[in-house]
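K.L.:
Structure: target00.cif, mmCIF, C-alpha atoms.
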data_my_file
#
loop_
_atom_site.label_atom_id
_atom_site.label_comp_id
_atom_site.auth_asym_id
_atom_site.auth_seq_id
_atom_site.Cartn_x
_atom_site.Cartn_y
_atom_site.Cartn_z
CA MET H 998 -23.84 57.94 141.88
CA THR H 999 -24.19 55.51 144.76
CA PRO H 1000 -21.75 52.61 144.41
CA PRO H 1001 -23.53 49.27 144.04
CA ARG H 1002 -24.08 47.59 147.38
CA ALA H 1003 -21.65 44.66 147.68
CA GLU H 1004 -23.28 41.25 147.91
CA PRO H 1005 -22.66 39.53 151.25
CA PRO H 1006 -20.35 36.52 151.54
CA ILE H 1007 -22.02 33.15 151.05
CA LEU H 1008 -21.71 30.66 153.90
CA ALA H 1009 -21.72 27.18 152.34
CA SER H 1010 -23.25 25.66 155.46
CA ALA H 1011 -26.67 25.26 157.03
CA SER H 1012 -25.20 25.80 160.52
CA THR H 1013 -27.16 28.36 162.49
CA VAL H 1014 -24.37 28.52 165.08
CA ARG H 1015 -21.79 29.53 162.45
CA ALA H 1016 -24.11 32.14 160.94
CA ARG H 1017 -24.80 33.51 164.44
CA LEU H 1018 -21.08 33.73 165.30
CA LEU H 1019 -20.46 35.73 162.13
CA ALA H 1020 -23.54 37.93 162.63
CA ALA H 1021 -22.45 38.75 166.20
CA ALA H 1022 -19.13 39.99 164.82
CA GLY H 1023 -20.97 42.15 162.27
CA ILE H 1024 -20.77 39.82 159.25
CA GLU H 1025 -24.07 39.14 157.52
CA VAL H 1026 -23.88 36.12 155.24
CA GLN H 1027 -26.20 34.40 152.80
CA GLN H 1028 -26.46 30.73 153.73
CA MET H 1029 -26.39 28.12 150.95
CA PRO H 1030 -25.93 24.58 152.22
CA SER H 1031 -23.41 22.72 150.09
CA GLY H 1032 -24.29 19.61 148.13
CA ALA H 1033 -20.89 18.04 148.83
CA ASP H 1034 -21.05 14.35 149.78
CA GLU H 1035 -19.24 14.53 153.12
CA GLU H 1036 -19.44 10.83 153.85
CA ALA H 1037 -17.83 9.92 150.51
CA LEU H 1038 -15.13 12.58 151.02
CA LYS H 1039 -14.37 11.36 154.53
CA ALA H 1040 -14.01 7.80 153.24
CA GLU H 1041 -11.74 8.98 150.43
CA LEU H 1042 -9.61 11.40 152.49
CA GLY H 1043 -9.60 9.49 155.77
CA GLY H 1044 -5.83 9.02 155.61
CA LEU H 1045 -5.14 12.75 155.98
CA ASP H 1046 -4.17 14.26 159.31
CA ASP H 1047 -6.97 16.00 161.23
CA GLU H 1048 -6.26 19.61 160.15
CA SER H 1049 -5.77 18.61 156.50
CA LEU H 1050 -9.00 16.62 156.48
CA ALA H 1051 -11.02 19.42 158.10
CA LEU H 1052 -9.58 21.92 155.60
CA ALA H 1053 -10.29 19.58 152.66
CA LEU H 1054 -13.90 19.11 153.77
CA ALA H 1055 -14.37 22.86 154.30
CA GLU H 1056 -12.92 23.51 150.84
CA ALA H 1057 -15.05 20.84 149.15
CA LYS H 1058 -18.24 22.33 150.64
CA ALA H 1059 -17.29 25.85 149.55
CA MET H 1060 -16.23 24.62 146.08
CA THR H 1061 -19.64 23.20 145.10
CA VAL H 1062 -21.29 26.53 145.97
CA SER H 1063 -18.52 28.61 144.36
CA ALA H 1064 -19.03 26.75 141.06
CA ALA H 1065 -22.60 28.07 140.94
CA HIS H 1066 -21.68 31.61 142.12
CA PRO H 1067 -18.24 32.31 140.65
CA GLY H 1068 -18.22 36.04 141.40
CA ARG H 1069 -19.08 35.68 145.09
CA LEU H 1070 -16.94 35.21 148.15
CA VAL H 1071 -17.80 31.77 149.54
CA LEU H 1072 -16.93 30.49 153.02
CA GLY H 1073 -16.80 26.78 153.86
CA ALA H 1074 -16.22 25.27 157.29
CA ASP H 1075 -15.81 21.92 158.94
CA GLN H 1076 -15.22 20.55 162.42
CA LEU H 1077 -13.83 17.18 163.48
CA LEU H 1078 -13.95 15.61 166.91
CA VAL H 1079 -11.02 13.33 167.67
CA MET H 1080 -10.28 11.23 170.74
CA GLY H 1081 -7.34 8.84 170.97
CA GLY H 1082 -7.01 8.58 167.19
CA ARG H 1083 -10.74 7.91 166.64
CA ARG H 1084 -12.86 10.45 164.77
CA PHE H 1085 -16.47 10.88 165.86
CA ASP H 1086 -19.23 11.88 163.46
CA LYS H 1087 -22.26 13.93 164.43
CA PRO H 1088 -24.66 11.62 166.32
CA ARG H 1089 -27.58 10.46 164.14
CA ASP H 1090 -30.01 9.96 167.02
CA ILE H 1091 -30.29 10.42 170.78
CA GLY H 1092 -29.08 6.85 171.40
CA GLU H 1093 -25.88 7.55 169.49
CA ALA H 1094 -25.48 10.92 171.27
CA ALA H 1095 -25.68 9.06 174.60
CA ALA H 1096 -23.08 6.52 173.41
CA HIS H 1097 -20.72 9.31 172.35
CA LEU H 1098 -21.07 11.13 175.67
CA ALA H 1099 -20.41 7.84 177.52
CA ALA H 1100 -17.23 7.46 175.43
CA PHE H 1101 -16.14 11.05 176.28
CA SER H 1102 -16.90 10.62 180.02
CA GLY H 1103 -13.85 11.26 182.22
CA ARG H 1104 -11.58 11.72 179.18
CA LYS H 1105 -10.09 14.46 177.02
CA HIS H 1106 -10.95 14.97 173.36
CA GLN H 1107 -10.13 17.56 170.76
CA LEU H 1108 -12.07 19.66 168.27
CA VAL H 1109 -10.37 20.62 165.01
CA THR H 1110 -12.15 23.45 163.25
CA ALA H 1111 -11.33 24.67 159.74
CA ALA H 1112 -12.59 27.37 157.39
CA VAL H 1113 -11.78 28.17 153.77
CA ALA H 1114 -12.64 31.23 151.64
CA LEU H 1115 -12.98 30.91 147.87
CA ARG H 1116 -13.84 33.14 144.96
CA GLY H 1117 -14.33 31.73 141.46
CA GLY H 1118 -13.10 28.34 142.65
CA THR H 1119 -9.77 29.81 143.85
CA VAL H 1120 -8.76 29.46 147.49
CA LEU H 1121 -8.07 32.93 148.95
CA TRP H 1122 -7.59 31.91 152.57
CA ARG H 1123 -7.69 28.88 154.82
CA GLY H 1124 -7.27 28.45 158.55
CA ALA H 1125 -7.63 25.72 161.17
CA GLU H 1126 -7.56 25.75 164.97
CA ARG H 1127 -7.69 23.08 167.67
CA ALA H 1128 -9.34 23.09 171.11
CA ARG H 1129 -8.89 20.56 173.92
CA LEU H 1130 -11.82 19.61 176.15
CA ALA H 1131 -11.93 17.52 179.32
CA VAL H 1132 -15.31 15.94 180.05
CA ARG H 1133 -16.10 15.19 183.70
CA PRO H 1134 -17.04 11.66 184.72
CA LEU H 1135 -20.68 11.16 183.65
CA THR H 1136 -23.05 8.47 184.86
CA PRO H 1137 -25.61 6.97 182.46
CA ALA H 1138 -28.28 8.77 184.52
CA SER H 1139 -26.55 12.14 184.18
CA ILE H 1140 -26.17 11.62 180.41
CA ASP H 1141 -29.89 10.84 180.12
CA ALA H 1142 -30.78 13.89 182.24
CA TYR H 1143 -28.57 16.11 180.09
CA LEU H 1144 -30.05 14.81 176.83
CA ALA H 1145 -33.58 15.27 178.19
CA ILE H 1146 -32.75 18.93 178.94
CA VAL H 1147 -31.07 19.61 175.58
CA GLY H 1148 -33.43 17.59 173.38
CA PRO H 1149 -32.88 17.32 169.61
CA ALA H 1150 -30.32 20.16 169.71
CA ALA H 1151 -27.87 17.48 170.91
CA LEU H 1152 -27.78 16.25 167.32
CA ASP H 1153 -26.70 19.62 165.91
CA SER H 1154 -23.08 19.46 166.98
CA VAL H 1155 -20.40 16.87 166.48
CA GLY H 1156 -19.90 16.46 170.22
CA ALA H 1157 -23.61 16.28 171.16
CA TYR H 1158 -23.02 19.15 173.55
CA GLN H 1159 -23.76 22.83 173.62
CA LEU H 1160 -20.97 24.48 175.55
CA GLU H 1161 -22.80 27.81 175.28
CA GLY H 1162 -25.81 26.23 177.01
CA PRO H 1163 -26.46 23.28 179.36
CA GLY H 1164 -23.41 21.53 177.86
CA ALA H 1165 -21.20 23.61 180.15
CA GLN H 1166 -22.30 21.15 182.87
CA LEU H 1167 -20.43 18.34 181.08
CA PHE H 1168 -16.96 19.83 181.21
CA GLU H 1169 -14.13 19.96 183.68
CA ARG H 1170 -11.90 22.12 181.52
CA VAL H 1171 -11.85 23.73 178.06
CA GLU H 1172 -8.52 24.82 176.59
CA GLY H 1173 -8.58 26.82 173.43
CA ASP H 1174 -10.63 29.36 171.66
CA PHE H 1175 -14.38 29.29 172.37
CA PHE H 1176 -15.13 30.09 168.73
CA THR H 1177 -13.14 27.00 167.70
CA VAL H 1178 -15.37 24.94 169.99
CA LEU H 1179 -18.51 26.50 168.49
CA GLY H 1180 -17.41 25.75 164.91
CA LEU H 1181 -15.30 28.49 163.31
CA PRO H 1182 -11.69 29.67 163.57
CA LEU H 1183 -13.37 33.05 163.96
CA LEU H 1184 -10.57 35.46 164.84
CA PRO H 1185 -8.28 34.57 161.88
CA LEU H 1186 -11.33 34.41 159.58
CA LEU H 1187 -12.38 37.92 160.68
CA GLU H 1188 -8.85 39.15 159.91
CA PHE H 1189 -9.13 37.76 156.38
CA LEU H 1190 -12.60 39.28 155.91
CA ARG H 1191 -11.43 42.72 157.09
CA GLY H 1192 -8.82 42.51 154.31
CA GLU H 1193 -11.76 41.97 151.93
CA GLY H 1194 -13.51 45.05 153.30
CA VAL H 1195 -16.08 43.16 155.42
CA PRO H 1196 -17.61 44.57 157.54
CA ALA H 1197 -16.95 48.14 156.39
CA TRP H 1198 -16.96 49.60 159.93
CA ALA H 1199 -14.12 47.33 161.10
CA CYS H 1200 -11.78 47.96 158.15
CA MET G 153 -45.61 15.33 200.98
CA THR G 154 -43.77 17.42 198.39
CA PRO G 155 -40.41 18.62 199.72
CA PRO G 156 -40.17 22.42 199.96
CA ARG G 157 -38.77 23.95 196.78
CA ALA G 158 -35.20 25.14 197.47
CA GLU G 159 -34.64 28.86 197.10
CA PRO G 160 -32.29 29.71 194.22
CA PRO G 161 -28.76 30.98 194.85
CA ILE G 162 -28.42 34.76 195.13
CA LEU G 163 -26.04 36.45 192.70
CA ALA G 164 -24.62 39.51 194.49
CA SER G 165 -24.16 41.34 191.21
CA ALA G 166 -26.22 43.38 188.77
CA SER G 167 -24.36 41.85 185.80
CA THR G 168 -26.76 40.56 183.15
CA VAL G 169 -23.88 38.73 181.44
CA ARG G 170 -23.10 36.71 184.60
CA ALA G 171 -26.77 35.89 185.17
CA ARG G 172 -27.08 34.83 181.52
CA LEU G 173 -23.99 32.57 181.73
CA LEU G 174 -25.46 30.82 184.76
CA ALA G 175 -28.95 30.58 183.24
CA ALA G 176 -27.53 29.02 180.05
CA ALA G 177 -25.94 26.31 182.20
CA GLY G 178 -29.26 25.70 183.94
CA ILE G 179 -28.71 27.80 187.09
CA GLU G 180 -31.46 30.27 187.88
CA VAL G 181 -30.32 32.91 190.37
CA GLN G 182 -31.92 35.78 192.19
CA GLN G 183 -29.91 38.93 191.55
CA MET G 184 -29.24 41.33 194.43
CA PRO G 185 -26.62 43.96 193.66
CA SER G 186 -24.21 44.36 196.54
CA GLY G 187 -23.80 47.60 198.44
CA ALA G 188 -20.05 47.04 198.85
CA ASP G 189 -17.93 50.14 198.20
CA GLU G 190 -15.66 48.74 195.49
CA GLU G 191 -13.62 51.89 195.07
CA ALA G 192 -12.78 52.06 198.78
CA LEU G 193 -11.93 48.34 198.83
CA LYS G 194 -9.68 48.66 195.80
CA ALA G 195 -7.84 51.56 197.42
CA GLU G 196 -7.48 49.60 200.66
CA LEU G 197 -6.50 46.25 199.08
CA GLY G 198 -4.54 47.57 196.09
CA GLY G 199 -1.33 45.98 197.36
CA LEU G 200 -2.68 42.43 196.89
CA ASP G 201 -1.78 40.37 193.82
CA ASP G 202 -4.41 40.24 191.07
CA GLU G 203 -6.07 36.93 191.99
CA SER G 204 -6.16 37.81 195.70
CA LEU G 205 -7.68 41.22 194.98
CA ALA G 206 -10.34 39.80 192.61
CA LEU G 207 -11.21 37.15 195.22
CA ALA G 208 -11.35 39.74 198.02
CA LEU G 209 -13.67 41.98 195.97
CA ALA G 210 -15.91 39.03 195.03
CA GLU G 211 -16.07 38.00 198.70
CA ALA G 212 -16.81 41.52 199.92
CA LYS G 213 -19.73 41.85 197.48
CA ALA G 214 -21.17 38.48 198.51
CA MET G 215 -20.64 39.24 202.22
CA THR G 216 -22.87 42.34 202.31
CA VAL G 217 -25.71 40.34 200.75
CA SER G 218 -25.08 37.25 202.90
CA ALA G 219 -25.41 39.36 206.06
CA ALA G 220 -29.01 40.17 205.07
CA HIS G 221 -29.84 36.61 203.89
CA PRO G 222 -27.90 34.30 206.22
CA GLY G 223 -29.68 31.09 205.17
CA ARG G 224 -29.14 31.53 201.46
CA LEU G 225 -26.29 30.53 199.16
CA VAL G 226 -24.76 33.78 197.87
CA LEU G 227 -22.40 34.10 194.91
CA GLY G 228 -20.07 37.07 194.45
CA ALA G 229 -17.85 37.74 191.45
CA ASP G 230 -15.24 40.20 190.26
CA GLN G 231 -13.07 40.73 187.22
CA LEU G 232 -9.86 42.73 186.89
CA LEU G 233 -8.14 43.84 183.71
CA VAL G 234 -4.38 44.11 183.99
CA MET G 235 -1.80 45.22 181.46
CA GLY G 236 1.87 45.64 182.25
CA GLY G 237 1.21 46.00 185.97
CA ARG G 238 -1.54 48.60 185.51
CA ARG G 239 -5.12 47.76 186.50
CA PHE G 240 -7.91 49.25 184.40
CA ASP G 241 -11.31 50.09 185.83
CA LYS G 242 -14.57 49.90 183.89
CA PRO G 243 -14.71 52.97 181.61
CA ARG G 244 -17.01 55.69 182.96
CA ASP G 245 -17.89 57.17 179.56
CA ILE G 246 -17.30 56.63 175.85
CA GLY G 247 -14.25 58.91 175.88
CA GLU G 248 -12.61 56.77 178.56
CA ALA G 249 -13.60 53.58 176.69
CA ALA G 250 -11.82 54.97 173.60
CA ALA G 251 -8.73 55.82 175.67
CA HIS G 252 -8.64 52.30 177.13
CA LEU G 253 -8.97 50.67 173.69
CA ALA G 254 -6.15 52.92 172.39
CA ALA G 255 -4.00 51.72 175.31
CA PHE G 256 -4.82 48.05 174.52
CA SER G 257 -4.15 48.48 170.77
CA GLY G 258 -1.44 46.14 169.46
CA ARG G 259 -0.75 44.79 172.97
CA LYS G 260 -1.64 41.88 175.22
CA HIS G 261 -3.61 42.22 178.42
CA GLN G 262 -5.09 39.82 180.93
CA LEU G 263 -8.44 39.31 182.60
CA VAL G 264 -8.51 37.87 186.10
CA THR G 265 -11.96 36.59 187.05
CA ALA G 266 -12.94 35.42 190.53
CA ALA G 267 -16.04 34.03 192.19
CA VAL G 268 -16.85 33.22 195.80
CA ALA G 269 -19.75 31.28 197.35
CA LEU G 270 -20.92 32.04 200.89
CA ARG G 271 -23.61 30.87 203.25
CA GLY G 272 -24.24 32.61 206.56
CA GLY G 273 -21.10 34.69 206.06
CA THR G 274 -18.90 31.58 205.74
CA VAL G 275 -16.88 31.04 202.55
CA LEU G 276 -17.80 27.63 201.08
CA TRP G 277 -15.85 27.94 197.84
CA ARG G 278 -13.67 30.34 195.90
CA GLY G 279 -12.07 30.18 192.48
CA ALA G 280 -10.14 32.43 190.12
CA GLU G 281 -9.05 32.06 186.50
CA ARG G 282 -6.96 34.13 184.12
CA ALA G 283 -7.32 34.71 180.36
CA ARG G 284 -4.81 36.37 178.00
CA LEU G 285 -6.02 38.55 175.14
CA ALA G 286 -4.09 40.10 172.25
CA VAL G 287 -5.73 43.18 170.73
CA ARG G 288 -4.92 43.94 167.07
CA PRO G 289 -3.49 47.34 166.13
CA LEU G 290 -6.42 49.77 166.18
CA THR G 291 -6.52 53.22 164.58
CA PRO G 292 -8.44 56.04 166.29
CA ALA G 293 -10.97 55.79 163.41
CA SER G 294 -11.49 52.05 163.94
CA ILE G 295 -11.95 52.61 167.69
CA ASP G 296 -14.58 55.29 166.99
CA ALA G 297 -16.33 53.02 164.46
CA TYR G 298 -16.36 50.15 166.96
CA LEU G 299 -17.75 52.30 169.78
CA ALA G 300 -20.44 53.68 167.43
CA ILE G 301 -21.53 50.11 166.64
CA VAL G 302 -21.47 48.92 170.27
CA GLY G 303 -22.90 52.05 171.87
CA PRO G 304 -23.36 52.32 175.67
CA ALA G 305 -22.81 48.55 176.04
CA ALA G 306 -19.09 49.37 175.81
CA LEU G 307 -19.38 50.68 179.39
CA ASP G 308 -20.74 47.38 180.73
CA SER G 309 -17.45 45.49 180.76
CA VAL G 310 -14.07 46.26 182.22
CA GLY G 311 -12.40 46.02 178.80
CA ALA G 312 -15.01 48.08 176.89
CA TYR G 313 -15.40 45.15 174.52
CA GLN G 314 -17.96 42.45 173.93
CA LEU G 315 -16.07 39.41 172.74
CA GLU G 316 -19.38 37.62 172.18
CA GLY G 317 -20.45 40.43 169.81
CA PRO G 318 -18.72 43.05 167.64
CA GLY G 319 -15.79 43.02 170.06
CA ALA G 320 -14.50 39.88 168.32
CA GLN G 321 -13.30 42.32 165.63
CA LEU G 322 -10.80 43.84 168.10
CA PHE G 323 -8.80 40.71 168.82
CA GLU G 324 -5.94 38.84 167.25
CA ARG G 325 -5.92 36.04 169.78
CA VAL G 326 -7.70 34.94 172.96
CA GLU G 327 -6.05 32.37 175.20
CA GLY G 328 -8.05 30.98 178.06
CA ASP G 329 -11.54 30.11 178.94
CA PHE G 330 -14.29 32.11 177.21
CA PHE G 331 -16.34 32.14 180.41
CA THR G 332 -13.40 33.75 182.21
CA VAL G 333 -13.42 36.49 179.58
CA LEU G 334 -17.17 37.00 180.00
CA GLY G 335 -16.91 37.32 183.77
CA LEU G 336 -17.15 34.04 185.69
CA PRO G 337 -14.81 31.10 186.36
CA LEU G 338 -17.86 29.13 185.23
CA LEU G 339 -16.68 25.51 184.98
CA PRO G 340 -15.21 25.29 188.52
CA LEU G 341 -18.19 27.25 189.87
CA LEU G 342 -20.60 24.77 188.23
CA GLU G 343 -18.68 21.91 189.85
CA PHE G 344 -19.15 23.52 193.27
CA LEU G 345 -22.85 24.15 192.61
CA ARG G 346 -23.43 20.53 191.53
CA GLY G 347 -22.01 19.55 194.93
CA GLU G 348 -24.74 21.77 196.43
CA GLY G 349 -27.40 19.99 194.37
CA VAL G 350 -27.83 22.79 191.79
CA PRO G 351 -29.21 22.22 189.20
CA ALA G 352 -30.93 19.00 190.20
CA TRP G 353 -30.73 17.46 186.70
CA ALA G 354 -26.92 17.75 186.56
CA CYS G 355 -26.22 16.23 189.99
#
Represent the structure of the file as structure tokens.

P.N.:
Amino acid sequence: MTPPRAEPPILASASTVRARLLAAAGIEVQQMPSGADEEALKAELGGLDDESLALALAEAKAMTVSAAHPGRLVLGADQLLVMGGRRFDKPRDIGEAAAHLAAFSGRKHQLVTAAVALRGGTVLWRGAERARLAVRPLTPASIDAYLAIVGPAALDSVGAYQLEGPGAQLFERVEGDFFTVLGLPLLPLLEFLRGEGVPAWAC
Amino acid sequence: MTPPRAEPPILASASTVRARLLAAAGIEVQQMPSGADEEALKAELGGLDDESLALALAEAKAMTVSAAHPGRLVLGADQLLVMGGRRFDKPRDIGEAAAHLAAFSGRKHQLVTAAVALRGGTVLWRGAERARLAVRPLTPASIDAYLAIVGPAALDSVGAYQLEGPGAQLFERVEGDFFTVLGLPLLPLLEFLRGEGVPAWAC
């Protein structure tokens, strides 16, 4: 008898970048965007430190999906951008993306990236990592030129940049794990998943 | 009158990964693999420290191409893998790739990546960066499974891994710039290229 084929982990996120990072490492996931109200959670939990907040948001997203699929392994993730004590949300439009990049110009900021794995509403694993990024001095004209090249994709990431694409032109220095910059603490998450038998070839 | 369109930089390397890194950042290059005899150079220059050797190899590759195209900007690059004083060459076959991965298993190694820019045989810029990588303990079976998944692409990089793909499964920790791991000191190289007016939108 063939054993039943295990169902893939659920990624409680609509992020194509996160799904692509996992797929590249051999992890196929089923994406189910979470219904968690991130804005309300951020307002409620704003007093937490960065790592705790990112973990709480990742867990909340995974929890709403886990409630509907109690037998499945569910992954949640979150990323915060912090600069000098201020937290930046994903830009809502190109004007806000330009304002954020002007704020980052010539300064250092940090990305805090968290992931949580749940099954049946129980946390099995959580991990958070931090990367430090130095943006080069940008003129308003160079910000406009960059946003014209990137287009609406600028609104897909919290920093309005795509380090894996034209966004590399914005940076002087990146310290920390590339995966953390792209949106997952990938290496520790892969270690957890190998312990769960995923993917079979790497275990 | 329209100004003449500038010819793109020449990349004195057959590496698709390097060309892709540059293209993602908006730099189109013309690839011309160098005729430099790397093995002879390594034997001759083996007494140099890692950074100096990587820079010398990058320069030698660019120099052979620059001699044939004296008016053009030519980029050369090289990457060395070092572990405990031993330098590893690109594996020549899957058996050697497996032997290298067995040597890296449970240990840390370093990648030293250099690039050089020339015009008319004159060095305009050079830069080198170093990344530190910790490989998790690998069994012979997990090495075989990994190489079966990756296939001949394992022979394309000095470490026999593809960190941007299934190779992420091999690592416990990566410290240093992702671009350095993939084969270019990209951020400093982009800074130099912006000074040369490439790409126009980022200058």

K.L.:
If the PyMOL selection byres ((chain G) within 7 of (chain H)) is run on the structure shown, which residues does it catch, given as a list in words?

P.N.:
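Expected selection for the PyMOL selection byres ((chain G) within 7 of (chain H)) here is Ala176, Ala177, Gly178, Ser294, Ala297, Tyr298, Glu316, Gly317, Pro318, Gly319, Ala320, Gln321, Phe323, Glu324, Arg325, Val326, Glu327, Gly328, Asp329, Phe330, Leu339, Leu342, Trp353 and Ala354 of chain G.
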
K.L.:
When the PyMOL selection byres ((chain G and resi 252) around 12) is applied to the structure above, which residues does it catch, written out as a ChimeraX atom specification?

P.N.:
/G:233-235,238-251,253-257,259,261,287,290,292,295,299,306-307,309-313

K.L.:
Could you state which residues are captured by the PyMOL selection byres ((chain G and resi 209) around 9) in this file, as a list in words?

P.N.:
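The output of the PyMOL selection byres ((chain G and resi 209) around 9) on this file is Ala188, Glu190, Leu193, Lys194, Leu197, Ser204, Leu205, Ala206, Leu207, Ala208, Ala210, Glu211, Ala212, Lys213, Ala214, Gly228, Ala229, Asp230, Gln231 and Ala266 of chain G.
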
K.L.:
For stretch 278-280 of chain G, list every protein, DNA or RNA residue within 8 Å, evaluated using all atoms listed in the file, and leave out those in the same chain fewer than 2 positions away; present the list as a list in words.

P.N.:
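Counting only the stated atoms, we get Glu203, Ala206, Leu207, Val264, Thr265, Ala266, Ala267, Val268, Ala269, Val275, Leu276, Arg282, Pro337, Pro340 and Leu341 of chain G.
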
K.L.:
So how far away is atom CA of H:Ala1009 from atom CA of H:Thr1177, in Å?

P.N.:
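Straight-line distance from atom CA of H:Thr1177 to atom CA of H:Ala1009 works out to 17.6 Å.
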
K.L.:
Just want the 7 Å neighbourhood of stretch 217-219 of chain G, counted on all atoms listed in the file, with same-chain residues fewer than 5 positions away dropped. Output as a PyMOL selection string.

P.N.:
chain G and resi 164+186+226+270-273

K.L.:
Find the distance between atom CA of G:Gly198 and atom CA of G:Leu163 and write it in Å to one decimal.

P.N.:
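Separation between atom CA of G:Gly198 and atom CA of G:Leu163: 24.4 Å.
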
K.L.:
Could you tell me how far atom CA of G:Gln183 lies from atom CA of G:Pro161, in Å and to one decimal?

P.N.:
8.7 Å
